[in-house]
Amino acid sequence: MLRVRDRSAAEDLVQETFLAALKSRGAFSGGSSEATWLVGILKHKIADHYRHQAREAPPEDLDLREHPDPSPFDGSGHWTSGPTDWGGNPADLYREKKFLDQFTKCLSGLSPHHANAFTLREIEGADTGEICKVLNVSETNLWVILHRARMQLRRCLEINWFHRNTGKGS
Amino acid sequence: MLSCKDVTRLISESMDRSAPLGKRIGVRLHLLICKFCARYERQLLLIRETVRHLVATEERPGEPYGEPLTEKARERIRRSLQQQ
């Protein structure tokens with residue numbers, strides 16, 4: 001779920017994985033555990049899912065200059081409203097159950113292209129060369145996409161998580 | 001002189017590849033004097049760290065962290081496997 005952000009897509013991937021495993025069960029060597037083998041197949045299926053989405057994505061999504069993105073900078077490149085202090089002890093964030101929900105919401109709020117690039121890089125841990133191949137973009141394009149994705153995600157978390165939580169008085 | 005806009009772009013880029021030394025020094029100098037950009041970098045790194053923890057927690061065996069399949073989905077998958 002964290003990886004594909006869509007319940008029915010996640011279920012389909014699990015189903016396809018079991019079907020593929022059933023078809024190629026003769027190839028299972030027994031050298032690794034069954035769970036490891038299945039996860040391996042699932043990872044291939046997830047990569048296919050991204051490739052497919054990249055082909056389906058409307059081309060205007062790729063036009064980064066036209067993407068409506070309220071810039072936090074003025075004409076000379078200075079912050080108009082800089083990042084706010086997140087306070088507290090945010091290093092333990094991942095322990096808070098509700099944070100995962102908010103994070104998933106923010107990630108889903110990005111355009112599919114931005115969200116997929118971010119997911120491949122930060123959740124799958126792929127390097128940029130691999131991601132360029134999967135998403136079919138140039139490396140320069142990918143840096144811009146990742147930069148935008150991180151900036152929007154940071155902003156979304158600031159508004160919906162940190163402001164709300166400090167507002168409750170901590 | 002790098003602007004904050006340039007520096008945020010370079011901060012993100014440095015999370016994906018190592019930039020040339022000259023650029024790295026430019027960014028470091030800027031971060032020494034710019035509170036906002038320094039904070040921006042800390043927060044991006046915190047997000048990365050947090051995502052890694054979330055993934056690690058999710059993948060720990062025997063501890064389902066993500067959402068389990070719904071009963072409906074299980075049934076559908078069971079049926080499709082039986083058809084094979």
# chains A, B, ... in the order shown; residues from 1 in each chain; ligands from 1
call {"tool": "select_by_dssp", "arguments": {"residues": "chain B", "states": "alpha helix (DSSP H)", "output": "ChimeraX atom specification"}}
result
/B:4-14,21-33,35-59,71-82
call {"tool": "residues_around", "arguments": {"residues": "stretch 6-8 of chain B", "least_positions_apart": "6", "cutoff": "12 Å", "atoms": "only C-alpha atoms", "output": "PyMOL selection string"}}
result
(chain A and resi 71-73+76-79+82-83+143-144+146-148+150-151+154) or (chain B and resi 14-15+23-31+34+36-44)
call {"tool": "write_last_selection", "arguments": {"atoms": "N, CA and C atoms", "output": "mmCIF file, in the first residue's frame"}}
result
data_model
loop_
_atom_site.group_PDB
_atom_site.id
_atom_site.type_symbol
_atom_site.label_atom_id
_atom_site.label_comp_id
_atom_site.auth_asym_id
_atom_site.auth_seq_id
_atom_site.Cartn_x
_atom_site.Cartn_y
_atom_site.Cartn_z
ATOM 1 N N SER A 71 5.347 29.001 -6.101
ATOM 2 C CA SER A 71 6.724 29.029 -5.648
ATOM 3 C C SER A 71 6.832 29.767 -4.320
ATOM 4 N N PRO A 72 7.612 29.222 -3.382
ATOM 5 C CA PRO A 72 7.787 29.925 -2.110
ATOM 6 C C PRO A 72 8.863 31.014 -2.201
ATOM 7 N N PHE A 73 9.309 31.316 -3.446
ATOM 8 C CA PHE A 73 10.391 32.294 -3.612
ATOM 9 C C PHE A 73 9.910 33.537 -4.351
ATOM 10 N N SER A 76 13.728 37.334 -6.922
ATOM 11 C CA SER A 76 15.184 37.231 -6.831
ATOM 12 C C SER A 76 15.623 35.938 -6.150
ATOM 13 N N GLY A 77 14.660 35.018 -5.921
ATOM 14 C CA GLY A 77 15.028 33.711 -5.390
ATOM 15 C C GLY A 77 15.150 33.640 -3.879
ATOM 16 N N HIS A 78 14.616 34.648 -3.170
ATOM 17 C CA HIS A 78 14.603 34.573 -1.704
ATOM 18 C C HIS A 78 13.275 33.990 -1.230
ATOM 19 N N TRP A 79 13.291 33.353 -0.077
ATOM 20 C CA TRP A 79 12.059 32.795 0.498
ATOM 21 C C TRP A 79 11.042 33.920 0.714
ATOM 22 N N GLY A 82 9.448 31.231 4.574
ATOM 23 C CA GLY A 82 10.402 30.132 4.755
ATOM 24 C C GLY A 82 9.797 28.989 5.536
ATOM 25 N N PRO A 83 10.514 27.853 5.568
ATOM 26 C CA PRO A 83 10.046 26.708 6.340
ATOM 27 C C PRO A 83 9.908 27.097 7.810
ATOM 28 N N TRP A 143 15.834 14.992 -11.689
ATOM 29 C CA TRP A 143 16.237 15.825 -10.550
ATOM 30 C C TRP A 143 15.208 16.907 -10.286
ATOM 31 N N VAL A 144 14.692 17.482 -11.352
ATOM 32 C CA VAL A 144 13.666 18.519 -11.184
ATOM 33 C C VAL A 144 12.403 17.911 -10.571
ATOM 34 N N LEU A 146 12.137 15.203 -8.686
ATOM 35 C CA LEU A 146 12.355 14.851 -7.278
ATOM 36 C C LEU A 146 12.393 16.095 -6.397
ATOM 37 N N HIS A 147 13.020 17.139 -6.916
ATOM 38 C CA HIS A 147 13.092 18.407 -6.172
ATOM 39 C C HIS A 147 11.683 18.939 -5.899
ATOM 40 N N ARG A 148 10.868 18.963 -6.931
ATOM 41 C CA ARG A 148 9.474 19.433 -6.780
ATOM 42 C C ARG A 148 8.698 18.552 -5.808
ATOM 43 N N ARG A 150 9.813 16.646 -3.359
ATOM 44 C CA ARG A 150 10.244 16.836 -1.965
ATOM 45 C C ARG A 150 9.725 18.145 -1.416
ATOM 46 N N MET A 151 9.775 19.174 -2.253
ATOM 47 C CA MET A 151 9.337 20.491 -1.790
ATOM 48 C C MET A 151 7.838 20.483 -1.458
ATOM 49 N N ARG A 154 7.146 18.282 1.674
ATOM 50 C CA ARG A 154 7.553 18.978 2.898
ATOM 51 C C ARG A 154 6.495 20.003 3.301
ATOM 52 N N SER B 14 21.726 16.925 -4.127
ATOM 53 C CA SER B 14 22.798 16.293 -3.357
ATOM 54 C C SER B 14 22.287 15.031 -2.658
ATOM 55 N N MET B 15 20.964 14.862 -2.580
ATOM 56 C CA MET B 15 20.425 13.641 -1.987
ATOM 57 C C MET B 15 20.398 12.509 -3.012
ATOM 58 N N LYS B 23 30.375 23.503 -6.044
ATOM 59 C CA LYS B 23 28.961 23.702 -5.714
ATOM 60 C C LYS B 23 28.693 23.347 -4.263
ATOM 61 N N ARG B 24 29.322 22.269 -3.834
ATOM 62 C CA ARG B 24 29.093 21.828 -2.445
ATOM 63 C C ARG B 24 29.525 22.909 -1.469
ATOM 64 N N ILE B 25 30.683 23.526 -1.746
ATOM 65 C CA ILE B 25 31.173 24.580 -0.854
ATOM 66 C C ILE B 25 30.215 25.770 -0.873
ATOM 67 N N GLY B 26 29.751 26.122 -2.077
ATOM 68 C CA GLY B 26 28.795 27.226 -2.191
ATOM 69 C C GLY B 26 27.555 26.992 -1.345
ATOM 70 N N VAL B 27 27.032 25.760 -1.409
ATOM 71 C CA VAL B 27 25.828 25.426 -0.639
ATOM 72 C C VAL B 27 26.128 25.493 0.855
ATOM 73 N N ARG B 28 27.261 24.907 1.278
ATOM 74 C CA ARG B 28 27.606 24.902 2.716
ATOM 75 C C ARG B 28 27.724 26.324 3.251
ATOM 76 N N LEU B 29 28.367 27.192 2.480
ATOM 77 C CA LEU B 29 28.526 28.588 2.924
ATOM 78 C C LEU B 29 27.157 29.246 3.079
ATOM 79 N N HIS B 30 26.300 28.993 2.103
ATOM 80 C CA HIS B 30 24.964 29.581 2.162
ATOM 81 C C HIS B 30 24.212 29.082 3.413
ATOM 82 N N LEU B 31 24.348 27.791 3.688
ATOM 83 C CA LEU B 31 23.619 27.211 4.828
ATOM 84 C C LEU B 31 24.091 27.774 6.165
ATOM 85 N N CYS B 34 22.101 31.144 6.240
ATOM 86 C CA CYS B 34 20.671 31.217 5.936
ATOM 87 C C CYS B 34 19.905 30.210 6.787
ATOM 88 N N PHE B 36 16.667 29.663 6.979
ATOM 89 C CA PHE B 36 15.580 28.959 6.293
ATOM 90 C C PHE B 36 16.089 27.776 5.477
ATOM 91 N N CYS B 37 17.148 28.004 4.715
ATOM 92 C CA CYS B 37 17.670 26.912 3.889
ATOM 93 C C CYS B 37 18.244 25.792 4.754
ATOM 94 N N ALA B 38 18.891 26.175 5.870
ATOM 95 C CA ALA B 38 19.439 25.157 6.766
ATOM 96 C C ALA B 38 18.303 24.309 7.324
ATOM 97 N N ARG B 39 17.228 24.971 7.681
ATOM 98 C CA ARG B 39 16.055 24.270 8.207
ATOM 99 C C ARG B 39 15.443 23.378 7.118
ATOM 100 N N TYR B 40 15.386 23.914 5.906
ATOM 101 C CA TYR B 40 14.842 23.150 4.774
ATOM 102 C C TYR B 40 15.614 21.842 4.609
ATOM 103 N N GLU B 41 16.945 21.944 4.639
ATOM 104 C CA GLU B 41 17.755 20.735 4.471
ATOM 105 C C GLU B 41 17.497 19.736 5.605
ATOM 106 N N ARG B 42 17.476 20.232 6.845
ATOM 107 C CA ARG B 42 17.211 19.342 7.989
ATOM 108 C C ARG B 42 15.886 18.621 7.813
ATOM 109 N N GLN B 43 14.876 19.352 7.348
ATOM 110 C CA GLN B 43 13.542 18.755 7.231
ATOM 111 C C GLN B 43 13.477 17.720 6.113
ATOM 112 N N LEU B 44 14.146 18.003 4.976
ATOM 113 C CA LEU B 44 14.163 16.999 3.898
ATOM 114 C C LEU B 44 14.863 15.725 4.370
#
call {"tool": "closest_residue", "arguments": {"among": "A:Asp85, A:Ala149, A:Asn160, A:Lys133", "to": "A:Arg55", "atoms": "only C-alpha atoms"}}
result
A:Lys133
call {"tool": "interface_residues", "arguments": {"of": "chain B", "to": "chain A", "cutoff": "6 Å", "atoms": "only C-alpha atoms", "output": "JSON, numbers by chain"}}
result
{"B": [3, 4, 5, 12, 36, 50, 54, 77]}
call {"tool": "atom_distance", "arguments": {"atom1": "atom CA of A:Arg155", "atom2": "atom CA of A:Asn136"}}
result
27.0 Å
call {"tool": "residues_around", "arguments": {"residues": "A:Val39", "least_positions_apart": "6", "cutoff": "12 Å", "atoms": "only C-alpha atoms", "output": "PDB file with C-alpha atoms, in the first residue's frame"}}
result
ATOM      1  CA  LEU A  13      -0.362  -6.975  -7.684  1.00  0.00           C
ATOM      2  CA  VAL A  14      -0.649  -9.551  -4.911  1.00  0.00           C
ATOM      3  CA  THR A  17       2.254 -12.435  -7.876  1.00  0.00           C
ATOM      4  CA  PHE A  18       0.546 -15.594  -6.668  1.00  0.00           C
ATOM      5  CA  ALA A  20       3.040 -15.984 -11.520  1.00  0.00           C
ATOM      6  CA  ALA A  21       4.425 -18.036  -8.649  1.00  0.00           C
ATOM      7  CA  SER A  32      15.769 -19.127  -0.419  1.00  0.00           C
ATOM      8  CA  SER A  33      12.649 -19.115   1.694  1.00  0.00           C
ATOM      9  CA  LYS A  45       5.371  -6.728 -10.556  1.00  0.00           C
ATOM     10  CA  ILE A  46       5.615  -3.349  -8.809  1.00  0.00           C
TER      11      ILE A  46
ATOM     12  CA  GLU B  59       9.190  -5.092   6.271  1.00  0.00           C
ATOM     13  CA  PRO B  61       8.847 -10.219   9.353  1.00  0.00           C
TER      14      PRO B  61
END
